[in-house]
>>> print(open('input_11.json').read())   # JSON, C-alpha atoms and all ligand atoms
[["chain", "number", "residue", "atom", "x", "y", "z"],
["A", 1, "MET", "CA", 137.40, -26.02, -26.99],
["A", 2, "ALA", "CA", 140.19, -24.63, -29.12],
["A", 3, "ILE", "CA", 139.67, -23.24, -32.58],
["A", 4, "LEU", "CA", 142.44, -22.50, -35.04],
["A", 5, "VAL", "CA", 141.85, -19.55, -37.38],
["A", 6, "VAL", "CA", 144.16, -19.12, -40.33],
["A", 7, "GLY", "CA", 143.83, -15.95, -42.38],
["A", 8, "THR", "CA", 145.09, -12.55, -43.35],
["A", 9, "VAL", "CA", 146.08, -9.86, -40.85],
["A", 10, "THR", "CA", 146.02, -6.61, -42.76],
["A", 11, "LEU", "CA", 146.05, -2.84, -42.93],
["A", 12, "ASP", "CA", 142.89, -1.77, -44.75],
["A", 13, "THR", "CA", 141.88, 1.42, -46.51],
["A", 14, "VAL", "CA", 138.11, 1.64, -46.81],
["A", 15, "GLU", "CA", 135.96, 4.23, -48.55],
["A", 16, "THR", "CA", 132.23, 4.54, -48.06],
["A", 17, "PRO", "CA", 129.99, 7.36, -49.34],
["A", 18, "SER", "CA", 130.39, 9.12, -45.99],
["A", 19, "ARG", "CA", 133.93, 8.38, -44.78],
["A", 20, "ARG", "CA", 137.41, 7.16, -45.67],
["A", 21, "VAL", "CA", 139.74, 5.35, -43.24],
["A", 22, "GLU", "CA", 143.35, 4.38, -43.91],
["A", 23, "ASP", "CA", 145.53, 1.55, -42.56],
["A", 24, "VAL", "CA", 142.93, 0.34, -40.09],
["A", 25, "LEU", "CA", 143.07, -3.15, -38.57],
["A", 26, "GLY", "CA", 141.54, -5.72, -40.90],
["A", 27, "GLY", "CA", 142.05, -9.09, -42.49],
["A", 28, "SER", "CA", 140.01, -12.24, -42.75],
["A", 29, "GLY", "CA", 141.91, -13.86, -39.87],
["A", 30, "VAL", "CA", 141.40, -10.86, -37.60],
["A", 31, "TYR", "CA", 137.65, -10.55, -38.16],
["A", 32, "ALA", "CA", 137.14, -14.31, -37.81],
["A", 33, "ALA", "CA", 139.30, -14.67, -34.69],
["A", 34, "ILE", "CA", 137.56, -11.80, -32.91],
["A", 35, "ALA", "CA", 134.15, -13.20, -33.87],
["A", 36, "ALA", "CA", 135.09, -16.65, -32.52],
["A", 37, "SER", "CA", 136.37, -15.08, -29.29],
["A", 38, "PHE", "CA", 132.83, -14.17, -28.19],
["A", 39, "PHE", "CA", 132.25, -17.85, -27.39],
["A", 40, "PRO", "CA", 134.05, -19.74, -24.62],
["A", 41, "ASN", "CA", 136.97, -21.02, -26.70],
["A", 42, "THR", "CA", 140.71, -20.72, -26.94],
["A", 43, "VAL", "CA", 141.21, -18.94, -30.27],
["A", 44, "GLN", "CA", 144.54, -19.50, -32.01],
["A", 45, "LEU", "CA", 145.51, -17.31, -34.97],
["A", 46, "VAL", "CA", 147.97, -18.18, -37.73],
["A", 47, "GLY", "CA", 149.02, -15.37, -40.03],
["A", 48, "VAL", "CA", 151.84, -13.04, -40.93],
["A", 49, "VAL", "CA", 152.51, -9.31, -40.67],
["A", 50, "GLY", "CA", 155.38, -6.99, -41.56],
["A", 51, "ALA", "CA", 157.46, -4.64, -39.43],
["A", 52, "ASP", "CA", 154.94, -1.85, -40.13],
["A", 53, "PHE", "CA", 152.15, -3.61, -38.21],
["A", 54, "PRO", "CA", 151.28, -1.48, -35.13],
["A", 55, "LYS", "CA", 151.54, -2.97, -31.66],
["A", 56, "ALA", "CA", 148.23, -1.30, -30.81],
["A", 57, "TYR", "CA", 146.57, -3.72, -33.27],
["A", 58, "THR", "CA", 148.11, -6.87, -31.77],
["A", 59, "ASP", "CA", 147.04, -5.49, -28.38],
["A", 60, "ILE", "CA", 143.42, -5.45, -29.61],
["A", 61, "LEU", "CA", 143.66, -9.13, -30.52],
["A", 62, "GLU", "CA", 145.24, -9.94, -27.17],
["A", 63, "ASN", "CA", 142.45, -8.08, -25.39],
["A", 64, "HIS", "CA", 140.10, -10.54, -27.07],
["A", 65, "ARG", "CA", 142.27, -13.36, -25.65],
["A", 66, "VAL", "CA", 143.42, -14.42, -29.14],
["A", 67, "ASP", "CA", 146.55, -16.60, -28.88],
["A", 68, "LEU", "CA", 149.16, -14.99, -31.15],
["A", 69, "GLN", "CA", 151.93, -17.62, -30.99],
["A", 70, "GLY", "CA", 151.12, -18.42, -34.62],
["A", 71, "LEU", "CA", 151.31, -14.79, -35.82],
["A", 72, "GLU", "CA", 154.67, -14.35, -37.51],
["A", 73, "ARG", "CA", 156.32, -10.95, -37.91],
["A", 74, "ILE", "CA", 158.70, -10.49, -40.83],
["A", 75, "GLU", "CA", 161.06, -7.71, -39.82],
["A", 76, "ASP", "CA", 162.13, -6.81, -43.35],
["A", 77, "GLY", "CA", 158.64, -7.12, -44.88],
["A", 78, "LYS", "CA", 155.50, -5.04, -45.30],
["A", 79, "SER", "CA", 152.05, -6.13, -44.12],
["A", 80, "PHE", "CA", 149.30, -7.20, -46.52],
["A", 81, "ARG", "CA", 147.38, -4.08, -47.55],
["A", 82, "TRP", "CA", 143.94, -3.99, -49.07],
["A", 83, "GLY", "CA", 141.75, -1.12, -50.25],
["A", 84, "GLY", "CA", 138.04, -1.23, -51.01],
["A", 85, "ARG", "CA", 135.28, 1.21, -51.92],
["A", 86, "TYR", "CA", 131.50, 0.80, -51.42],
["A", 87, "THR", "CA", 128.71, 2.36, -53.39],
["A", 88, "GLU", "CA", 125.70, 4.07, -51.82],
["A", 89, "ASP", "CA", 123.68, 0.90, -51.09],
["A", 90, "PHE", "CA", 126.73, -1.08, -49.82],
["A", 91, "ASN", "CA", 125.83, -4.03, -52.04],
["A", 92, "VAL", "CA", 128.66, -3.42, -54.46],
["A", 93, "ARG", "CA", 132.31, -3.27, -53.41],
["A", 94, "ASP", "CA", 135.21, -2.42, -55.68],
["A", 95, "THR", "CA", 138.64, -3.64, -54.63],
["A", 96, "LEU", "CA", 140.97, -0.68, -55.18],
["A", 97, "PHE", "CA", 144.21, -2.57, -54.48],
["A", 98, "THR", "CA", 145.50, -5.85, -53.02],
["A", 99, "GLU", "CA", 149.17, -5.75, -51.97],
["A", 100, "LEU", "CA", 150.04, -9.26, -50.82],
["A", 101, "ASN", "CA", 153.51, -8.26, -49.52],
["A", 102, "VAL", "CA", 154.51, -10.66, -46.69],
["A", 103, "ILE", "CA", 151.88, -13.28, -47.48],
["A", 104, "GLU", "CA", 153.25, -13.85, -50.97],
["A", 105, "ASP", "CA", 155.97, -16.32, -49.93],
["A", 106, "PHE", "CA", 154.66, -17.19, -46.50],
["A", 107, "GLN", "CA", 155.03, -20.84, -45.45],
["A", 108, "PRO", "CA", 153.21, -21.18, -42.14],
["A", 109, "VAL", "CA", 154.79, -23.46, -39.55],
["A", 110, "LEU", "CA", 152.22, -24.36, -36.91],
["A", 111, "PRO", "CA", 153.25, -24.14, -33.26],
["A", 112, "GLU", "CA", 153.22, -27.70, -31.79],
["A", 113, "THR", "CA", 150.29, -26.82, -29.51],
["A", 114, "TYR", "CA", 148.09, -25.90, -32.51],
["A", 115, "LYS", "CA", 148.51, -29.17, -34.44],
["A", 116, "ASP", "CA", 145.89, -31.20, -32.58],
["A", 117, "THR", "CA", 143.21, -28.48, -32.48],
["A", 118, "SER", "CA", 139.84, -29.95, -33.49],
["A", 119, "TYR", "CA", 138.16, -26.97, -35.16],
["A", 120, "LEU", "CA", 139.98, -25.41, -38.10],
["A", 121, "PHE", "CA", 138.75, -22.31, -39.91],
["A", 122, "LEU", "CA", 140.68, -21.40, -43.02],
["A", 123, "ALA", "CA", 139.60, -17.82, -43.53],
["A", 124, "ASN", "CA", 140.21, -16.16, -46.86],
["A", 125, "SER", "CA", 143.81, -16.50, -47.96],
["A", 126, "SER", "CA", 145.98, -18.18, -50.54],
["A", 127, "PRO", "CA", 144.75, -21.77, -51.10],
["A", 128, "VAL", "CA", 148.41, -22.91, -51.11],
["A", 129, "PHE", "CA", 148.80, -21.47, -47.62],
["A", 130, "GLN", "CA", 145.43, -22.99, -46.54],
["A", 131, "LEU", "CA", 146.45, -26.45, -47.82],
["A", 132, "SER", "CA", 149.79, -26.34, -46.07],
["A", 133, "VAL", "CA", 148.02, -25.78, -42.74],
["A", 134, "ILE", "CA", 145.70, -28.77, -43.28],
["A", 135, "GLU", "CA", 148.75, -30.91, -43.96],
["A", 136, "GLN", "CA", 150.25, -30.01, -40.56],
["A", 137, "MET", "CA", 147.10, -30.82, -38.53],
["A", 138, "THR", "CA", 146.98, -34.20, -36.81],
["A", 139, "ASN", "CA", 143.28, -34.83, -36.31],
["A", 140, "PRO", "CA", 140.89, -31.99, -37.17],
["A", 141, "LYS", "CA", 137.22, -32.72, -36.41],
["A", 142, "LEU", "CA", 135.82, -29.99, -38.67],
["A", 143, "ILE", "CA", 137.59, -28.08, -41.45],
["A", 144, "VAL", "CA", 135.73, -25.07, -42.81],
["A", 145, "CYS", "CA", 137.22, -22.83, -45.46],
["A", 146, "ASP", "CA", 136.36, -19.54, -47.11],
["A", 147, "THR", "CA", 137.60, -18.16, -50.40],
["A", 148, "MET", "CA", 137.02, -15.16, -52.65],
["A", 149, "ASP", "CA", 137.12, -13.94, -56.25],
["A", 150, "PHE", "CA", 140.83, -13.05, -56.06],
["A", 151, "TRP", "CA", 141.85, -16.66, -55.32],
["A", 152, "ILE", "CA", 139.26, -18.19, -57.69],
["A", 153, "ASN", "CA", 140.85, -16.14, -60.48],
["A", 154, "GLU", "CA", 144.50, -16.35, -59.44],
["A", 155, "GLU", "CA", 144.95, -19.85, -57.93],
["A", 156, "ARG", "CA", 142.17, -21.99, -59.28],
["A", 157, "GLU", "CA", 144.18, -25.23, -59.38],
["A", 158, "ALA", "CA", 145.31, -25.01, -55.74],
["A", 159, "LEU", "CA", 141.76, -24.06, -54.76],
["A", 160, "GLU", "CA", 140.34, -27.22, -56.36],
["A", 161, "ALA", "CA", 142.95, -29.33, -54.51],
["A", 162, "LEU", "CA", 141.94, -27.60, -51.28],
["A", 163, "LEU", "CA", 138.22, -28.25, -51.81],
["A", 164, "ALA", "CA", 138.89, -31.99, -51.88],
["A", 165, "ARG", "CA", 140.24, -31.70, -48.30],
["A", 166, "VAL", "CA", 137.60, -29.57, -46.51],
["A", 167, "ASP", "CA", 134.25, -30.41, -44.87],
["A", 168, "VAL", "CA", 132.53, -27.07, -45.50],
["A", 169, "LEU", "CA", 133.12, -24.29, -48.04],
["A", 170, "ILE", "CA", 131.77, -20.83, -47.23],
["A", 171, "LEU", "CA", 131.67, -18.23, -49.98],
["A", 172, "ASN", "CA", 129.40, -15.45, -51.14],
["A", 173, "ASP", "CA", 126.82, -15.63, -53.91],
["A", 174, "SER", "CA", 128.88, -13.88, -56.60],
["A", 175, "GLU", "CA", 131.87, -16.10, -55.77],
["A", 176, "ALA", "CA", 129.75, -19.29, -56.03],
["A", 177, "ARG", "CA", 128.65, -18.10, -59.48],
["A", 178, "LEU", "CA", 132.25, -17.26, -60.47],
["A", 179, "LEU", "CA", 133.56, -20.64, -59.25],
["A", 180, "THR", "CA", 130.94, -22.69, -61.09],
["A", 181, "GLY", "CA", 129.85, -20.50, -64.00],
["A", 182, "ASP", "CA", 126.24, -21.14, -62.92],
["A", 183, "SER", "CA", 123.96, -18.25, -61.97],
["A", 184, "ASN", "CA", 121.51, -20.52, -60.10],
["A", 185, "LEU", "CA", 122.75, -20.81, -56.52],
["A", 186, "VAL", "CA", 121.20, -24.21, -55.79],
["A", 187, "ARG", "CA", 122.82, -25.71, -58.87],
["A", 188, "ALA", "CA", 126.07, -23.86, -58.12],
["A", 189, "ALA", "CA", 126.12, -25.37, -54.62],
["A", 190, "GLU", "CA", 125.52, -28.85, -56.04],
["A", 191, "THR", "CA", 128.45, -28.39, -58.42],
["A", 192, "ILE", "CA", 130.67, -27.30, -55.52],
["A", 193, "LEU", "CA", 129.68, -30.40, -53.51],
["A", 194, "ARG", "CA", 131.15, -32.47, -56.34],
["A", 195, "TYR", "CA", 134.58, -30.85, -55.71],
["A", 196, "GLY", "CA", 134.64, -32.48, -52.25],
["A", 197, "PRO", "CA", 133.05, -30.54, -49.37],
["A", 198, "GLU", "CA", 130.02, -32.16, -47.78],
["A", 199, "ARG", "CA", 128.39, -28.76, -47.16],
["A", 200, "VAL", "CA", 128.37, -25.43, -48.97],
["A", 201, "ILE", "CA", 127.32, -22.25, -47.21],
["A", 202, "ILE", "CA", 126.53, -19.34, -49.51],
["A", 203, "LYS", "CA", 126.45, -15.85, -47.97],
["A", 204, "LYS", "CA", 124.01, -13.40, -49.52],
["A", 205, "GLY", "CA", 124.80, -10.23, -47.58],
["A", 206, "GLU", "CA", 121.70, -8.52, -46.24],
["A", 207, "HIS", "CA", 119.62, -11.46, -47.51],
["A", 208, "GLY", "CA", 121.20, -13.99, -45.15],
["A", 209, "ALA", "CA", 122.96, -17.25, -45.93],
["A", 210, "ILE", "CA", 121.97, -20.69, -47.20],
["A", 211, "SER", "CA", 123.47, -24.06, -46.34],
["A", 212, "ILE", "CA", 123.23, -26.97, -48.77],
["A", 213, "THR", "CA", 124.31, -30.60, -48.42],
["A", 214, "ALA", "CA", 123.32, -33.63, -50.50],
["A", 215, "SER", "CA", 120.31, -34.10, -48.19],
["A", 216, "SER", "CA", 119.52, -30.73, -46.54],
["A", 217, "TYR", "CA", 118.71, -27.09, -47.24],
["A", 218, "PHE", "CA", 118.66, -24.31, -44.64],
["A", 219, "ASN", "CA", 118.11, -20.58, -44.95],
["A", 220, "ALA", "CA", 119.52, -18.38, -42.16],
["A", 221, "PRO", "CA", 118.23, -14.81, -42.00],
["A", 222, "ALA", "CA", 120.45, -11.74, -41.72],
["A", 223, "TYR", "CA", 119.83, -9.45, -38.76],
["A", 224, "PRO", "CA", 118.21, -6.24, -40.06],
["A", 225, "ILE", "CA", 120.50, -3.22, -39.59],
["A", 226, "ARG", "CA", 119.26, 0.29, -40.36],
["A", 227, "GLN", "CA", 122.58, 2.11, -40.31],
["A", 228, "VAL", "CA", 125.40, 0.25, -42.04],
["A", 229, "ALA", "CA", 128.79, 1.98, -41.55],
["A", 230, "ASP", "CA", 131.20, -0.49, -43.20],
["A", 231, "PRO", "CA", 130.42, -4.05, -44.34],
["A", 232, "THR", "CA", 134.11, -5.04, -44.54],
["A", 233, "GLY", "CA", 134.69, -8.27, -42.66],
["A", 234, "ALA", "CA", 131.02, -9.22, -42.40],
["A", 235, "GLY", "CA", 131.63, -12.52, -44.16],
["A", 236, "ASP", "CA", 134.63, -13.35, -41.96],
["A", 237, "SER", "CA", 132.70, -12.38, -38.84],
["A", 238, "PHE", "CA", 129.82, -14.61, -39.93],
["A", 239, "ALA", "CA", 132.14, -17.57, -40.40],
["A", 240, "GLY", "CA", 134.15, -16.86, -37.24],
["A", 241, "GLY", "CA", 131.00, -16.54, -35.14],
["A", 242, "MET", "CA", 129.63, -19.74, -36.63],
["A", 243, "MET", "CA", 132.83, -21.67, -35.93],
["A", 244, "GLY", "CA", 133.13, -20.12, -32.47],
["A", 245, "TYR", "CA", 129.69, -21.41, -31.54],
["A", 246, "LEU", "CA", 130.33, -24.92, -32.99],
["A", 247, "ALA", "CA", 133.63, -25.28, -31.13],
["A", 248, "SER", "CA", 132.06, -24.07, -27.89],
["A", 249, "VAL", "CA", 129.29, -26.71, -28.01],
["A", 250, "GLU", "CA", 131.54, -29.39, -29.59],
["A", 251, "ASP", "CA", 128.78, -30.36, -31.97],
["A", 252, "THR", "CA", 128.83, -30.52, -35.78],
["A", 253, "SER", "CA", 125.31, -31.87, -36.33],
["A", 254, "GLU", "CA", 122.89, -30.28, -38.82],
["A", 255, "GLU", "CA", 120.94, -28.68, -35.93],
["A", 256, "ALA", "CA", 124.10, -27.20, -34.39],
["A", 257, "ILE", "CA", 125.22, -25.84, -37.76],
["A", 258, "ARG", "CA", 121.83, -24.14, -38.21],
["A", 259, "ARG", "CA", 122.11, -22.47, -34.80],
["A", 260, "ALA", "CA", 125.73, -21.59, -35.54],
["A", 261, "MET", "CA", 124.75, -19.83, -38.79],
["A", 262, "VAL", "CA", 122.29, -17.67, -36.88],
["A", 263, "TYR", "CA", 124.98, -16.81, -34.30],
["A", 264, "GLY", "CA", 127.27, -15.99, -37.23],
["A", 265, "ALA", "CA", 124.65, -13.66, -38.70],
["A", 266, "VAL", "CA", 124.31, -11.91, -35.34],
["A", 267, "VAL", "CA", 128.06, -11.41, -34.86],
["A", 268, "ALA", "CA", 128.31, -10.07, -38.44],
["A", 269, "SER", "CA", 125.47, -7.63, -37.75],
["A", 270, "PHE", "CA", 127.55, -5.93, -35.05],
["A", 271, "ASN", "CA", 130.60, -5.83, -37.27],
["A", 272, "ILE", "CA", 128.94, -3.68, -39.94],
["A", 273, "GLU", "CA", 127.80, -1.01, -37.49],
["A", 274, "ASP", "CA", 131.25, 0.60, -37.40],
["A", 275, "PHE", "CA", 134.56, 0.62, -39.30],
["A", 276, "SER", "CA", 137.25, -2.03, -38.79],
["A", 277, "ILE", "CA", 136.61, -3.96, -35.55],
["A", 278, "ASN", "CA", 135.52, -0.87, -33.61],
["A", 279, "ARG", "CA", 132.02, -2.12, -32.83],
["A", 280, "GLN", "CA", 133.31, -5.59, -31.90],
["A", 281, "LYS", "CA", 135.49, -4.07, -29.20],
["A", 282, "ARG", "CA", 132.35, -3.11, -27.26],
["A", 283, "VAL", "CA", 130.04, -6.08, -27.88],
["A", 284, "GLN", "CA", 128.78, -7.97, -24.83],
["A", 285, "PHE", "CA", 127.61, -11.58, -25.06],
["A", 286, "SER", "CA", 124.20, -10.53, -23.70],
["A", 287, "GLU", "CA", 123.72, -8.36, -26.84],
["A", 288, "ILE", "CA", 124.56, -11.37, -29.04],
["A", 289, "SER", "CA", 122.01, -13.53, -27.19],
["A", 290, "SER", "CA", 119.36, -10.86, -27.48],
["A", 291, "ARG", "CA", 119.73, -10.49, -31.29],
["A", 292, "TYR", "CA", 119.82, -14.31, -31.60],
["A", 293, "ARG", "CA", 116.41, -14.50, -29.89],
["A", 294, "GLU", "CA", 115.07, -11.73, -32.13],
["A", 295, "LEU", "CA", 116.10, -13.71, -35.22],
["A", 296, "GLN", "CA", 114.47, -16.86, -33.81],
["A", 297, "ASN", "CA", 111.23, -14.93, -33.52],
["A", 298, "ALA", "CA", 111.65, -13.36, -36.96],
["A", 299, "VAL", "CA", 111.52, -16.74, -38.70],
["A", 300, "ARG", "CA", 108.87, -18.45, -36.55],
["A", 301, "PHE", "CA", 105.61, -19.09, -38.44],
["B", 401, "LIG", "P1", 135.07, -9.56, -46.28],
["B", 401, "LIG", "O1", 134.44, -8.20, -46.23],
["B", 401, "LIG", "O2", 134.45, -10.54, -45.34],
["B", 401, "LIG", "O3", 135.22, -10.06, -47.67],
["B", 401, "LIG", "O4", 136.57, -9.37, -45.73],
["B", 401, "LIG", "C1", 137.32, -8.25, -45.99],
["B", 401, "LIG", "C2", 138.71, -8.42, -45.37],
["B", 401, "LIG", "O5", 139.44, -9.39, -46.15],
["B", 401, "LIG", "C3", 139.51, -7.14, -45.38],
["B", 401, "LIG", "O6", 139.90, -6.84, -44.07],
["B", 401, "LIG", "C4", 140.70, -7.43, -46.28],
["B", 401, "LIG", "O7", 141.92, -6.97, -45.76],
["B", 401, "LIG", "C5", 140.75, -8.93, -46.41],
["B", 401, "LIG", "N1", 141.10, -9.33, -47.79],
["B", 401, "LIG", "C6", 140.90, -8.63, -48.93],
["B", 401, "LIG", "N2", 141.35, -9.30, -50.00],
["B", 401, "LIG", "C7", 141.83, -10.48, -49.53],
["B", 401, "LIG", "C8", 142.41, -11.64, -50.14],
["B", 401, "LIG", "N3", 142.62, -11.71, -51.48],
["B", 401, "LIG", "N4", 142.74, -12.67, -49.34],
["B", 401, "LIG", "C9", 142.52, -12.61, -48.03],
["B", 401, "LIG", "N5", 142.01, -11.57, -47.37],
["B", 401, "LIG", "C10", 141.65, -10.50, -48.11]]
>>> encode(input="input_11.json", output="structure tokens")
Amino acid sequence: MAILVVGTVTLDTVETPSRRVEDVLGGSGVYAAIAASFFPNTVQLVGVVGADFPKAYTDILENHRVDLQGLERIEDGKSFRWGGRYTEDFNVRDTLFTELNVIEDFQPVLPETYKDTSYLFLANSSPVFQLSVIEQMTNPKLIVCDTMDFWINEEREALEALLARVDVLILNDSEARLLTGDSNLVRAAETILRYGPERVIIKKGEHGAISITASSYFNAPAYPIRQVADPTGAGDSFAGGMMGYLASVEDTSEEAIRRAMVYGAVVASFNIEDFSINRQKRVQFSEISSRYRELQNAVRF
């Protein structure tokens, strides 16, 4: 099956207590597309970069068989740049800077071959940009979208319009609280359901993720990692892995979504073992299957 990932393609600067890296490959679209590529799908990526975006980085995406027809390059623009710093326990991240650059006025035009793709993942990006992609799709079977504090604060109105058009919203716990003003996650999810999505998935970092609909509740564990190098992109990898699995089995039932969340947790667990997408470059599907089975055993009682 084909899956269309829309998101940012960025140059990241990341600081952890032990290391600092500059202008490494990042972006919600990149992490999600690579995560989805572990499953037998055609992965299409829509995004935009500037003239400063290294060819070595597009080569990495191509090595993961990501279709880049939808990746626009603006020759007189600069790529999106983001900087973040983690504290000792990795649970708190400070955004040091967000330079939107080329994404600020970007109006994506979908290649004809992308318009009838069934599985659409709107990774973190401007809700205006996310909405314009939905409007160009002819018959999506499942629309999942992610958002973050930046967009909740800066483009609230467009975000609410977007929520009326998506099937699933994925966001992290602090963002669910920010969006609803409610500190209780179950109540926050119920409030979000009233904006339009039929399912809300709330990511809780090392504590896993929960899925809530009007009639179901599911708790997916996180895979326990002893040595976290860089959590950047964990959320996007979770969502991309989840969507990659769903598209590969062509199933959007409750049971499939539960399995997909566990696959998402596994793909994210590899992502945080190294900076940027360095660990993902070496992951074999057999390693994903093995951690998936470990998580199945971890929650059997
Ligand atoms: P995550 O750790 O899953 O929240 O994703 C981090 C990635 O999202 C980094 O590679 C950033 O470049 C990218 N990013 C940071 N801020 C934004 C934003 N406002 N919109 C979209 N992507 C962003």
>>> residues_near_ligand(input="input_11.json", ligand="ligand LIG 401 (chain B)", cutoff="8 Å", atoms="all atoms listed in the file", output="number ranges by chain")
A: 7-12, 25-31, 80-83, 95, 98, 100, 123-126, 147-151, 231-237, 276
>>> residues_around(input="input_11.json", residues="region 102-117 of chain A", least_positions_apart="2", cutoff="7 Å", atoms="only C-alpha atoms", output="count of residues only")
20
>>> closest_residue(input="input_11.json", among="A:Ser290, A:Glu254, A:Leu169, A:Gly241", to="Pro40 (chain A)", atoms="only C-alpha atoms")
A:Gly241
>>> closest_residue(input="input_11.json", among="A:Arg20, A:Gly264, A:Gln280, A:Val249", to="Asn63 (chain A)", atoms="all atoms listed in the file")
A:Gln280
>>> residues_around(input="input_11.json", residues="Asp167 (chain A)", least_positions_apart="4", cutoff="6 Å", atoms="only C-alpha atoms", output="list in words")
Ile143, Val144, Pro197 and Glu198 of chain A
>>> decode(input="input_11.json", residues="region 65-71 of chain A", atoms="all heavy atoms", output="PDB file, in the first residue's frame")
ATOM      1  N   ARG A  65      14.010   4.097   0.278  1.00  0.00           N
ATOM      2  CA  ARG A  65      13.006   3.982  -0.785  1.00  0.00           C
ATOM      3  C   ARG A  65      11.854   4.983  -0.596  1.00  0.00           C
ATOM      4  O   ARG A  65      10.719   4.723  -0.964  1.00  0.00           O
ATOM      5  CB  ARG A  65      12.427   2.547  -0.883  1.00  0.00           C
ATOM      6  CG  ARG A  65      13.462   1.460  -1.106  1.00  0.00           C
ATOM      7  CD  ARG A  65      12.857   0.077  -1.033  1.00  0.00           C
ATOM      8  NE  ARG A  65      11.834  -0.059  -0.020  1.00  0.00           N
ATOM      9  CZ  ARG A  65      12.081  -0.178   1.283  1.00  0.00           C
ATOM     10  NH1 ARG A  65      13.308  -0.197   1.728  1.00  0.00           N
ATOM     11  NH2 ARG A  65      11.077  -0.282   2.145  1.00  0.00           N
ATOM     12  N   VAL A  66      12.167   6.152   0.004  1.00  0.00           N
ATOM     13  CA  VAL A  66      11.130   7.178   0.147  1.00  0.00           C
ATOM     14  C   VAL A  66      11.036   7.935  -1.179  1.00  0.00           C
ATOM     15  O   VAL A  66      12.045   8.389  -1.719  1.00  0.00           O
ATOM     16  CB  VAL A  66      11.466   8.149   1.307  1.00  0.00           C
ATOM     17  CG1 VAL A  66      10.429   9.269   1.392  1.00  0.00           C
ATOM     18  CG2 VAL A  66      11.563   7.394   2.634  1.00  0.00           C
ATOM     19  N   ASP A  67       9.797   8.029  -1.703  1.00  0.00           N
ATOM     20  CA  ASP A  67       9.545   8.715  -2.972  1.00  0.00           C
ATOM     21  C   ASP A  67       9.610  10.232  -2.705  1.00  0.00           C
ATOM     22  O   ASP A  67       8.827  10.750  -1.904  1.00  0.00           O
ATOM     23  CB  ASP A  67       8.144   8.273  -3.449  1.00  0.00           C
ATOM     24  CG  ASP A  67       7.707   8.953  -4.725  1.00  0.00           C
ATOM     25  OD1 ASP A  67       8.216  10.042  -5.041  1.00  0.00           O
ATOM     26  OD2 ASP A  67       6.827   8.389  -5.396  1.00  0.00           O
ATOM     27  N   LEU A  68      10.525  10.919  -3.384  1.00  0.00           N
ATOM     28  CA  LEU A  68      10.747  12.340  -3.097  1.00  0.00           C
ATOM     29  C   LEU A  68      10.180  13.287  -4.160  1.00  0.00           C
ATOM     30  O   LEU A  68      10.526  14.467  -4.179  1.00  0.00           O
ATOM     31  CB  LEU A  68      12.253  12.606  -2.929  1.00  0.00           C
ATOM     32  CG  LEU A  68      12.916  11.871  -1.753  1.00  0.00           C
ATOM     33  CD1 LEU A  68      14.384  12.249  -1.655  1.00  0.00           C
ATOM     34  CD2 LEU A  68      12.211  12.173  -0.434  1.00  0.00           C
ATOM     35  N   GLN A  69       9.277  12.772  -5.009  1.00  0.00           N
ATOM     36  CA  GLN A  69       8.657  13.659  -6.018  1.00  0.00           C
ATOM     37  C   GLN A  69       7.963  14.848  -5.368  1.00  0.00           C
ATOM     38  O   GLN A  69       7.829  15.897  -5.969  1.00  0.00           O
ATOM     39  CB  GLN A  69       7.551  12.896  -6.737  1.00  0.00           C
ATOM     40  CG  GLN A  69       7.969  12.092  -7.919  1.00  0.00           C
ATOM     41  CD  GLN A  69       6.690  11.472  -8.464  1.00  0.00           C
ATOM     42  OE1 GLN A  69       5.934  12.108  -9.166  1.00  0.00           O
ATOM     43  NE2 GLN A  69       6.456  10.217  -8.105  1.00  0.00           N
ATOM     44  N   GLY A  70       7.478  14.657  -4.149  1.00  0.00           N
ATOM     45  CA  GLY A  70       6.730  15.717  -3.464  1.00  0.00           C
ATOM     46  C   GLY A  70       7.610  16.592  -2.584  1.00  0.00           C
ATOM     47  O   GLY A  70       7.101  17.428  -1.840  1.00  0.00           O
ATOM     48  N   LEU A  71       8.935  16.406  -2.646  1.00  0.00           N
ATOM     49  CA  LEU A  71       9.836  17.245  -1.836  1.00  0.00           C
ATOM     50  C   LEU A  71      10.321  18.398  -2.706  1.00  0.00           C
ATOM     51  O   LEU A  71      11.103  18.215  -3.629  1.00  0.00           O
ATOM     52  CB  LEU A  71      11.028  16.421  -1.326  1.00  0.00           C
ATOM     53  CG  LEU A  71      11.998  17.205  -0.430  1.00  0.00           C
ATOM     54  CD1 LEU A  71      11.325  17.627   0.873  1.00  0.00           C
ATOM     55  CD2 LEU A  71      13.240  16.366  -0.125  1.00  0.00           C
TER      56      LEU A  71
END
